>>> print(open('run.txt').read())   # compact mmCIF, C-alpha atoms
# COMPACT_ATOMS: atom_id res chain seq x y z
CA MET O 23 -4.57 -3.21 21.19
CA THR O 24 -1.43 -1.50 22.42
CA VAL O 25 0.41 -4.82 22.59
CA LEU O 26 -0.64 -5.58 19.02
CA PHE O 27 0.63 -2.18 17.96
CA TYR O 28 3.99 -2.77 19.64
CA VAL O 29 4.42 -6.17 18.00
CA ALA O 30 3.55 -4.79 14.55
CA ALA O 31 5.82 -1.77 15.09
CA THR O 32 8.72 -4.01 16.10
CA VAL O 33 8.22 -6.15 13.01
CA ALA O 34 8.04 -3.03 10.83
CA VAL O 35 11.23 -1.48 12.20
CA PHE O 36 13.16 -4.77 12.11
CA ALA O 37 12.04 -5.58 8.56
CA THR O 38 12.91 -2.06 7.39
CA ALA O 39 16.34 -2.26 8.98
CA MET O 40 16.89 -5.57 7.20
CA THR O 41 15.66 -3.99 3.96
CA ILE O 42 18.27 -1.28 3.85
CA SER O 43 21.10 -3.59 4.91
CA ARG O 44 20.62 -6.51 2.49
CA LEU O 45 23.11 -6.92 -0.34
CA ASN O 46 20.72 -8.86 -2.53
CA ALA O 47 17.85 -6.84 -4.03
CA ILE O 48 15.34 -9.70 -3.87
CA HIS O 49 16.05 -10.31 -0.18
CA ALA O 50 15.58 -6.59 0.50
CA LEU O 51 12.29 -6.58 -1.40
CA LEU O 52 11.00 -9.58 0.59
CA TYR O 53 11.76 -7.78 3.84
CA PHE O 54 10.22 -4.56 2.56
CA ILE O 55 7.00 -6.36 1.66
CA VAL O 56 6.85 -7.72 5.22
CA SER O 57 7.42 -4.19 6.50
CA LEU O 58 4.50 -2.96 4.39
CA PHE O 59 2.31 -5.72 5.82
CA ALA O 60 3.23 -4.60 9.33
CA VAL O 61 2.37 -0.99 8.52
CA ALA O 62 -0.93 -2.19 7.05
CA MET O 63 -1.62 -3.92 10.37
CA ILE O 64 -0.94 -0.63 12.16
CA PHE O 65 -3.35 1.17 9.82
CA PHE O 66 -5.97 -1.42 10.70
CA LEU O 67 -5.38 -0.86 14.41
CA LEU O 68 -5.62 2.90 13.89
CA GLY O 69 -9.13 2.51 12.50
CA ALA O 70 -8.33 2.87 8.80
CA PRO O 71 -9.28 -0.52 7.28
CA PHE O 72 -9.64 0.94 3.79
CA ILE O 73 -6.10 2.29 3.83
CA ALA O 74 -4.83 -1.00 5.26
CA ALA O 75 -6.34 -2.87 2.33
CA LEU O 76 -4.92 -0.36 -0.14
CA GLU O 77 -1.49 -0.67 1.44
CA VAL O 78 -1.51 -4.42 0.83
CA ILE O 79 -3.12 -4.32 -2.62
CA VAL O 80 -1.41 -1.31 -4.20
CA TYR O 81 1.88 -0.98 -2.31
CA ALA O 82 2.80 -4.59 -1.58
CA GLY O 83 0.84 -5.99 -4.49
CA ALA O 84 1.50 -3.65 -7.39
CA ILE O 85 4.48 -1.40 -6.69
CA MET O 86 6.65 -4.12 -5.16
CA VAL O 87 5.83 -6.50 -8.01
CA LEU O 88 7.06 -3.76 -10.36
CA PHE O 89 10.34 -3.72 -8.42
CA VAL O 90 10.62 -7.51 -8.59
CA PHE O 91 9.98 -7.44 -12.34
CA VAL O 92 12.75 -4.92 -12.88
CA VAL O 93 15.18 -6.94 -10.77
CA MET O 94 14.32 -10.00 -12.83
CA LEU O 95 14.78 -8.01 -16.06
CA LEU O 96 18.21 -6.83 -15.00
CA ASN O 97 19.42 -10.32 -14.19
CA LEU O 98 18.91 -11.96 -17.56
CA GLY O 99 21.99 -14.03 -18.20
CA ARG O 100 23.85 -17.21 -17.54
CA GLU O 101 24.61 -16.44 -13.92
CA ALA O 102 20.92 -15.77 -13.24
CA GLU O 103 20.20 -19.47 -12.85
CA GLU O 104 22.97 -19.93 -10.33
CA GLN O 105 21.74 -16.85 -8.51
CA GLU O 106 18.19 -18.18 -8.44
CA ARG O 107 19.38 -21.44 -6.93
CA HIS O 108 21.17 -19.40 -4.31
CA TRP O 109 18.00 -17.39 -3.58
CA LEU O 110 15.94 -20.49 -2.91
CA GLN O 111 18.11 -21.56 0.03
CA PRO O 112 16.24 -21.45 3.35
CA GLY O 113 18.40 -18.64 4.68
CA ALA O 114 16.94 -16.33 2.07
CA TRP O 115 13.30 -16.69 2.95
CA LEU O 116 13.22 -17.88 6.57
CA GLY O 117 13.53 -14.35 7.96
CA PRO O 118 10.66 -12.76 6.02
CA VAL O 119 8.49 -15.86 6.53
CA GLY O 120 9.06 -15.73 10.30
CA LEU O 121 8.14 -12.04 10.47
CA ALA O 122 5.09 -12.62 8.28
CA ALA O 123 4.04 -15.48 10.58
CA VAL O 124 4.09 -13.06 13.52
CA LEU O 125 1.79 -10.73 11.59
CA LEU O 126 -0.46 -13.65 10.63
CA LEU O 127 -0.81 -14.64 14.30
CA GLU O 128 -1.67 -11.04 15.10
CA LEU O 129 -4.30 -10.94 12.35
CA GLY O 130 -5.79 -14.21 13.58
CA TYR O 131 -5.96 -12.79 17.10
CA VAL O 132 -7.74 -9.65 15.90
CA LEU O 133 -10.24 -11.68 13.88
CA ALA O 134 -10.82 -14.05 16.81
CA GLN O 135 -11.67 -11.09 19.02
CA GLY O 136 -15.13 -11.10 17.47
CA SER O 137 -15.78 -8.08 15.30
CA GLY O 138 -13.55 -8.03 12.26
CA ALA O 139 -13.57 -4.28 12.05
CA PRO O 140 -11.67 -2.34 14.69
CA ALA O 141 -14.08 -1.08 17.29
CA THR O 142 -12.45 2.28 17.65
CA ALA O 143 -14.09 5.55 18.43
CA GLY O 144 -11.96 7.35 15.87
CA ALA O 145 -12.49 4.84 13.08
CA VAL O 146 -13.07 6.47 9.72
CA SER O 147 -15.18 4.44 7.33
CA PRO O 148 -14.34 4.08 3.62
CA ARG O 149 -17.63 5.81 2.85
CA GLU O 150 -16.48 8.94 4.62
CA VAL O 151 -13.10 8.80 2.91
CA GLY O 152 -14.81 8.62 -0.47
CA ARG O 153 -17.10 11.50 0.37
CA VAL O 154 -14.21 13.73 1.38
CA LEU O 155 -12.01 12.57 -1.51
CA LEU O 156 -14.54 13.50 -4.18
CA GLY O 157 -15.84 16.52 -2.29
CA PRO O 158 -13.31 19.10 -1.06
CA TYR O 159 -10.36 17.26 -2.61
CA LEU O 160 -11.77 16.87 -6.13
CA LEU O 161 -9.09 19.15 -7.55
CA GLY O 162 -6.43 16.97 -5.93
CA VAL O 163 -7.90 13.89 -7.61
CA GLU O 164 -7.72 15.63 -10.99
CA LEU O 165 -4.12 16.63 -10.35
CA ALA O 166 -3.29 13.04 -9.32
CA SER O 167 -4.75 11.76 -12.57
CA MET O 168 -2.57 14.19 -14.52
CA LEU O 169 0.45 13.09 -12.49
CA LEU O 170 -0.28 9.46 -13.29
CA LEU O 171 -0.61 10.31 -16.99
CA ALA O 172 2.74 12.12 -16.86
CA GLY O 173 4.27 9.11 -15.10
CA LEU O 174 2.89 6.78 -17.76
CA VAL O 175 4.24 8.86 -20.63
CA GLY O 176 7.58 9.38 -18.90
CA ALA O 177 8.02 5.69 -18.12
CA TYR O 178 7.17 4.77 -21.70
CA HIS O 179 9.61 7.30 -23.10
CA LEU O 180 12.46 6.37 -20.78
CA GLY O 181 11.88 2.63 -20.98
CA ARG O 182 12.00 2.59 -24.77
CA ARG O 183 15.10 0.83 -26.00
CA ASP O 184 15.90 2.02 -29.48
CA LYS O 185 18.85 0.35 -31.12
CA ASP O 186 20.16 3.27 -33.20
CA ALA O 187 19.41 5.96 -30.60
CA ALA O 188 18.88 8.66 -33.18
CA ARG O 189 19.32 11.80 -31.11
CA MET U 13 -7.99 5.53 18.51
CA THR U 14 -7.99 2.82 21.12
CA GLY U 15 -5.21 2.93 23.64
CA ILE U 16 -2.61 3.71 20.99
CA GLN U 17 -1.26 7.19 21.58
CA LEU U 18 -0.55 9.55 18.71
CA GLU U 19 3.00 10.03 19.96
CA GLN U 20 3.78 6.32 19.69
CA VAL U 21 2.74 6.20 16.04
CA LEU U 22 4.60 9.41 15.26
CA VAL U 23 7.76 7.99 16.85
CA LEU U 24 7.38 4.85 14.74
CA ALA U 25 6.90 6.99 11.61
CA ALA U 26 10.01 9.01 12.49
CA VAL U 27 12.06 5.85 13.02
CA LEU U 28 10.94 4.40 9.69
CA PHE U 29 11.65 7.71 7.95
CA VAL U 30 15.16 7.93 9.40
CA LEU U 31 15.83 4.32 8.39
CA GLY U 32 14.81 5.20 4.83
CA LEU U 33 16.95 8.33 4.88
CA LYS U 34 19.92 6.33 6.13
CA GLY U 35 19.43 3.81 3.35
CA LEU U 36 19.27 6.59 0.79
CA LEU U 37 22.48 8.17 2.07
CA VAL U 38 24.48 4.97 2.60
CA ARG U 39 23.59 2.83 -0.39
CA ARG U 40 24.93 3.61 -3.87
CA ASN U 41 22.80 1.07 -5.70
CA VAL U 42 20.05 2.93 -7.57
CA LEU U 43 17.52 0.19 -6.85
CA PHE U 44 18.14 0.42 -3.11
CA MET U 45 17.91 4.20 -3.25
CA LEU U 46 14.46 3.87 -4.84
CA ILE U 47 13.40 1.39 -2.14
CA SER U 48 14.61 3.83 0.53
CA ILE U 49 12.50 6.59 -1.01
CA GLU U 50 9.53 4.25 -0.83
CA ILE U 51 10.25 3.64 2.86
CA MET U 52 10.28 7.37 3.52
CA LEU U 53 7.03 7.95 1.60
CA ASN U 54 5.40 5.13 3.52
CA ALA U 55 6.52 6.62 6.84
CA ALA U 56 5.09 10.00 5.86
CA GLY U 57 1.80 8.31 4.97
CA LEU U 58 1.77 6.59 8.34
CA ALA U 59 2.10 9.95 10.06
CA PHE U 60 -0.78 11.34 7.97
CA VAL U 61 -3.09 8.43 8.79
CA ALA U 62 -2.19 8.59 12.48
CA ALA U 63 -2.99 12.29 12.63
CA GLY U 64 -6.24 11.73 10.76
CA ALA U 65 -7.21 8.98 13.20
CA ARG U 66 -6.35 11.24 16.13
CA TRP U 67 -8.89 13.85 15.05
CA GLY U 68 -11.37 11.37 13.58
CA GLN U 69 -11.22 13.03 10.18
CA ALA U 70 -10.92 11.40 6.76
CA ASP U 71 -8.36 13.93 5.49
CA GLY U 72 -5.39 11.87 6.66
CA GLN U 73 -6.54 8.87 4.67
CA VAL U 74 -7.22 11.06 1.63
CA PHE U 75 -3.66 12.34 1.79
CA PHE U 76 -2.38 8.78 2.06
CA LEU U 77 -4.20 8.07 -1.21
CA PHE U 78 -2.39 11.02 -2.81
CA ILE U 79 0.96 9.77 -1.46
CA LEU U 80 0.16 6.33 -2.89
CA THR U 81 -0.55 7.86 -6.30
CA MET U 82 2.63 9.89 -6.19
CA ALA U 83 4.68 6.85 -5.17
CA ALA U 84 3.28 4.83 -8.07
CA ALA U 85 4.10 7.54 -10.61
CA GLU U 86 7.56 8.09 -9.11
CA VAL U 87 8.39 4.38 -9.09
CA SER U 88 7.37 3.86 -12.69
CA VAL U 89 9.59 6.69 -13.91
CA GLY U 90 12.40 5.74 -11.51
CA LEU U 91 12.45 2.11 -12.58
CA ALA U 92 12.49 3.14 -16.24
CA LEU U 93 15.54 5.26 -15.39
CA VAL U 94 17.13 2.26 -13.63
CA LEU U 95 16.63 0.13 -16.74
CA GLN U 96 18.12 2.88 -18.90
CA LEU U 97 21.11 3.24 -16.55
CA HIS U 98 21.74 -0.49 -16.60
CA GLN U 99 21.50 -0.50 -20.38
CA GLN U 100 24.01 2.31 -20.84
CA PHE U 101 26.53 1.70 -18.06
CA LYS U 102 26.04 -2.03 -17.33
CA THR U 103 25.93 -1.22 -13.63
CA LEU U 104 23.48 0.02 -11.02
CA ASP U 105 26.02 2.24 -9.28
CA ALA U 106 24.65 5.76 -8.99
CA ASP U 107 28.15 7.21 -9.22
CA ALA U 108 28.51 5.77 -12.71
CA ALA U 109 26.03 8.37 -13.92
CA ALA U 110 27.85 11.25 -12.26
CA GLU U 111 28.99 12.54 -15.64
CA LEU U 112 26.06 13.93 -17.53
CA ARG U 113 27.57 13.96 -21.00
CA ASP U 114 27.66 10.91 -23.20
>>> encode(input="run.txt", output="C-alpha cells")
Amino acid sequence: MTVLFYVAATVAVFATAMTISRLNAIHALLYFIVSLFAVAMIFFLLGAPFIAALEVIVYAGAIMVLFVFVVMLLNLGREAEEQERHWLQPGAWLGPVGLAAVLLLELGYVLAQGSGAPATAGAVSPREVGRVLLGPYLLGVELASMLLLAGLVGAYHLGRRDKDAAR
Amino acid sequence: MTGIQLEQVLVLAAVLFVLGLKGLLVRRNVLFMLISIEIMLNAAGLAFVAAGARWGQADGQVFFLFILTMAAAEVSVGLALVLQLHQQFKTLDADAAAELRD
C-alpha cells in the first residue's frame, strides 16, 4: 500500500509541476487531469472510494472539460487549425499518456489484489458520508446550493456578450 | 489507514499546494492562474480527506464535497471572466486588466 501511495504521489507531483510549467494551455490541462487521477488514486488508498469517484467524475470530468471548452472557444480562428495539428504531435500527448499508464497499472494491481474496495480499518463508507452530510452539515448543503445558484447567475451575467453594451 | 502515515499525505498536500501557489505567482496568463487555484483547492481537499481518514470520521470527506462545490462555482465565474477579458482586450494577460476604467 505504501509503495502504491509513493508511486501515485510521484505521478501527482510530477504532473502538477508539468502543469504549471507548460506554455500551451491544452498540454497543461492534460497534465492536470493526470494529476487529478493520481490524487483520486490516493483517495482510494486512504479509504475514501466515494471521494475518489467524485474526483474523477466531477473534477476531471466536468470542471476540466469546462476549461477545455473555454480554451477551444478562445482559439477560434485561422491559426487554430495549424495549432491543432501541432497539438496532435506525439510529443504533446506522450507524457500524460505515460503517467496515466502508470496509474492504470497501479489500479490493475489494486483490483488484482482481490477485494476491489480498500481493506482499511479507517475506511469511511459512502453511506456514512451521506448520513453526516445531510445530518449535522445540512446547513452547509443549503449554503452550497445558494453558492451554486450565485455562480450560475454570475457566470450567465458575465458570459453574456451584448453587442451594444448599453451601460 | 493502512501503512500510509498521515504525515506523508500532509507533506504531499503541502507540496501540491506550494506548486499551485508558485504557478499563481509566476504565471501571468489568467487561464493558468485559474488552473493554479484549482491545484491549491485540490491540495487542501487532500489534506481534509487525509485527516478524516486518520480519525475514521466522515467529516473530512464532507468538507471535500464542499470544496468541490466551491471550486465548481468559482471556475464557472472565473471562466466567464476569462472570456470577457479575451473579448475586451484580445489577450489573456492579467496585467492587461490592471486599469479598471474603460
>>> interface_residues(input="run.txt", of="chain O", to="chain U", cutoff="7 Å", atoms="only C-alpha atoms", output="compact mmCIF listing (two decimals) with C-alpha atoms, in the frame of the given file")
# COMPACT_ATOMS: atom_id res chain seq x y z
CA MET O 23 -4.57 -3.21 21.19
CA THR O 24 -1.43 -1.50 22.42
CA ALA O 31 5.82 -1.77 15.09
CA VAL O 35 11.23 -1.48 12.20
CA ALA O 39 16.34 -2.26 8.98
CA ILE O 42 18.27 -1.28 3.85
CA LEU O 68 -5.62 2.90 13.89
CA GLY O 69 -9.13 2.51 12.50
CA ILE O 73 -6.10 2.29 3.83
CA ILE O 85 4.48 -1.40 -6.69
CA THR O 142 -12.45 2.28 17.65
CA ALA O 143 -14.09 5.55 18.43
CA GLY O 144 -11.96 7.35 15.87
CA ALA O 145 -12.49 4.84 13.08
CA VAL O 146 -13.07 6.47 9.72
CA GLU O 150 -16.48 8.94 4.62
CA VAL O 151 -13.10 8.80 2.91
CA VAL O 154 -14.21 13.73 1.38
CA LEU O 155 -12.01 12.57 -1.51
CA ALA O 166 -3.29 13.04 -9.32
CA LEU O 169 0.45 13.09 -12.49
CA LEU O 170 -0.28 9.46 -13.29
CA GLY O 173 4.27 9.11 -15.10
CA GLY O 176 7.58 9.38 -18.90
CA ALA O 177 8.02 5.69 -18.12
CA LEU O 180 12.46 6.37 -20.78
CA GLY O 181 11.88 2.63 -20.98
>>> atom_distance(input="run.txt", atom1="atom CA of U:Met52", atom2="atom CA of O:Thr38")
10.5 Å
>>> atom_distance(input="run.txt", atom1="atom CA of O:Val25", atom2="atom CA of U:Leu53")
25.4 Å
>>> atom_distance(input="run.txt", atom1="atom CA of O:Leu161", atom2="atom CA of O:Leu174")
20.0 Å
>>> closest_residue(input="run.txt", among="O:Leu95, O:Trp115, O:Phe72, O:Ala47", to="U:Val42", atoms="all atoms listed in the file")
O:Ala47
>>> build_atoms(input="run.txt", residues="stretch 17-38 of chain U", atoms="N, CA and C atoms", output="PDB file, keeping the file's coordinate frame")
ATOM      1  N   GLN U  17      -1.432   5.750  21.535  1.00  0.00           N
ATOM      2  CA  GLN U  17      -1.260   7.190  21.580  1.00  0.00           C
ATOM      3  C   GLN U  17      -0.712   7.704  20.255  1.00  0.00           C
ATOM      4  N   LEU U  18      -1.041   8.951  19.955  1.00  0.00           N
ATOM      5  CA  LEU U  18      -0.550   9.550  18.710  1.00  0.00           C
ATOM      6  C   LEU U  18       0.975   9.609  18.704  1.00  0.00           C
ATOM      7  N   GLU U  19       1.546   9.878  19.890  1.00  0.00           N
ATOM      8  CA  GLU U  19       3.000  10.030  19.960  1.00  0.00           C
ATOM      9  C   GLU U  19       3.711   8.744  19.575  1.00  0.00           C
ATOM     10  N   GLN U  20       3.150   7.600  20.008  1.00  0.00           N
ATOM     11  CA  GLN U  20       3.780   6.320  19.690  1.00  0.00           C
ATOM     12  C   GLN U  20       3.862   6.121  18.177  1.00  0.00           C
ATOM     13  N   VAL U  21       2.757   6.398  17.492  1.00  0.00           N
ATOM     14  CA  VAL U  21       2.740   6.200  16.040  1.00  0.00           C
ATOM     15  C   VAL U  21       3.690   7.185  15.368  1.00  0.00           C
ATOM     16  N   LEU U  22       3.718   8.420  15.882  1.00  0.00           N
ATOM     17  CA  LEU U  22       4.600   9.410  15.260  1.00  0.00           C
ATOM     18  C   LEU U  22       6.061   9.019  15.457  1.00  0.00           C
ATOM     19  N   VAL U  23       6.398   8.448  16.627  1.00  0.00           N
ATOM     20  CA  VAL U  23       7.760   7.990  16.850  1.00  0.00           C
ATOM     21  C   VAL U  23       8.105   6.865  15.871  1.00  0.00           C
ATOM     22  N   LEU U  24       7.154   5.947  15.696  1.00  0.00           N
ATOM     23  CA  LEU U  24       7.380   4.850  14.740  1.00  0.00           C
ATOM     24  C   LEU U  24       7.594   5.409  13.334  1.00  0.00           C
ATOM     25  N   ALA U  25       6.753   6.395  12.941  1.00  0.00           N
ATOM     26  CA  ALA U  25       6.900   6.990  11.610  1.00  0.00           C
ATOM     27  C   ALA U  25       8.265   7.660  11.474  1.00  0.00           C
ATOM     28  N   ALA U  26       8.702   8.338  12.541  1.00  0.00           N
ATOM     29  CA  ALA U  26      10.010   9.010  12.490  1.00  0.00           C
ATOM     30  C   ALA U  26      11.133   7.991  12.358  1.00  0.00           C
ATOM     31  N   VAL U  27      11.020   6.879  13.100  1.00  0.00           N
ATOM     32  CA  VAL U  27      12.060   5.850  13.020  1.00  0.00           C
ATOM     33  C   VAL U  27      12.129   5.268  11.617  1.00  0.00           C
ATOM     34  N   LEU U  28      10.965   4.965  11.049  1.00  0.00           N
ATOM     35  CA  LEU U  28      10.940   4.400   9.690  1.00  0.00           C
ATOM     36  C   LEU U  28      11.504   5.406   8.689  1.00  0.00           C
ATOM     37  N   PHE U  29      11.152   6.689   8.869  1.00  0.00           N
ATOM     38  CA  PHE U  29      11.650   7.710   7.950  1.00  0.00           C
ATOM     39  C   PHE U  29      13.162   7.819   8.015  1.00  0.00           C
ATOM     40  N   VAL U  30      13.709   7.795   9.253  1.00  0.00           N
ATOM     41  CA  VAL U  30      15.160   7.930   9.400  1.00  0.00           C
ATOM     42  C   VAL U  30      15.876   6.707   8.828  1.00  0.00           C
ATOM     43  N   LEU U  31      15.246   5.526   8.998  1.00  0.00           N
ATOM     44  CA  LEU U  31      15.830   4.320   8.390  1.00  0.00           C
ATOM     45  C   LEU U  31      15.896   4.462   6.871  1.00  0.00           C
ATOM     46  N   GLY U  32      14.810   4.989   6.279  1.00  0.00           N
ATOM     47  CA  GLY U  32      14.810   5.200   4.830  1.00  0.00           C
ATOM     48  C   GLY U  32      15.848   6.218   4.412  1.00  0.00           C
ATOM     49  N   LEU U  33      15.963   7.295   5.200  1.00  0.00           N
ATOM     50  CA  LEU U  33      16.950   8.330   4.880  1.00  0.00           C
ATOM     51  C   LEU U  33      18.363   7.775   4.962  1.00  0.00           C
ATOM     52  N   LYS U  34      18.605   6.947   5.979  1.00  0.00           N
ATOM     53  CA  LYS U  34      19.920   6.330   6.130  1.00  0.00           C
ATOM     54  C   LYS U  34      20.231   5.432   4.932  1.00  0.00           C
ATOM     55  N   GLY U  35      19.231   4.659   4.520  1.00  0.00           N
ATOM     56  CA  GLY U  35      19.430   3.810   3.350  1.00  0.00           C
ATOM     57  C   GLY U  35      19.746   4.624   2.117  1.00  0.00           C
ATOM     58  N   LEU U  36      19.042   5.744   1.964  1.00  0.00           N
ATOM     59  CA  LEU U  36      19.270   6.590   0.790  1.00  0.00           C
ATOM     60  C   LEU U  36      20.673   7.172   0.801  1.00  0.00           C
ATOM     61  N   LEU U  37      21.170   7.537   1.997  1.00  0.00           N
ATOM     62  CA  LEU U  37      22.480   8.170   2.070  1.00  0.00           C
ATOM     63  C   LEU U  37      23.603   7.155   1.963  1.00  0.00           C
ATOM     64  N   VAL U  38      23.376   5.939   2.497  1.00  0.00           N
ATOM     65  CA  VAL U  38      24.480   4.970   2.600  1.00  0.00           C
ATOM     66  C   VAL U  38      24.629   4.180   1.310  1.00  0.00           C
TER      67      VAL U  38
END
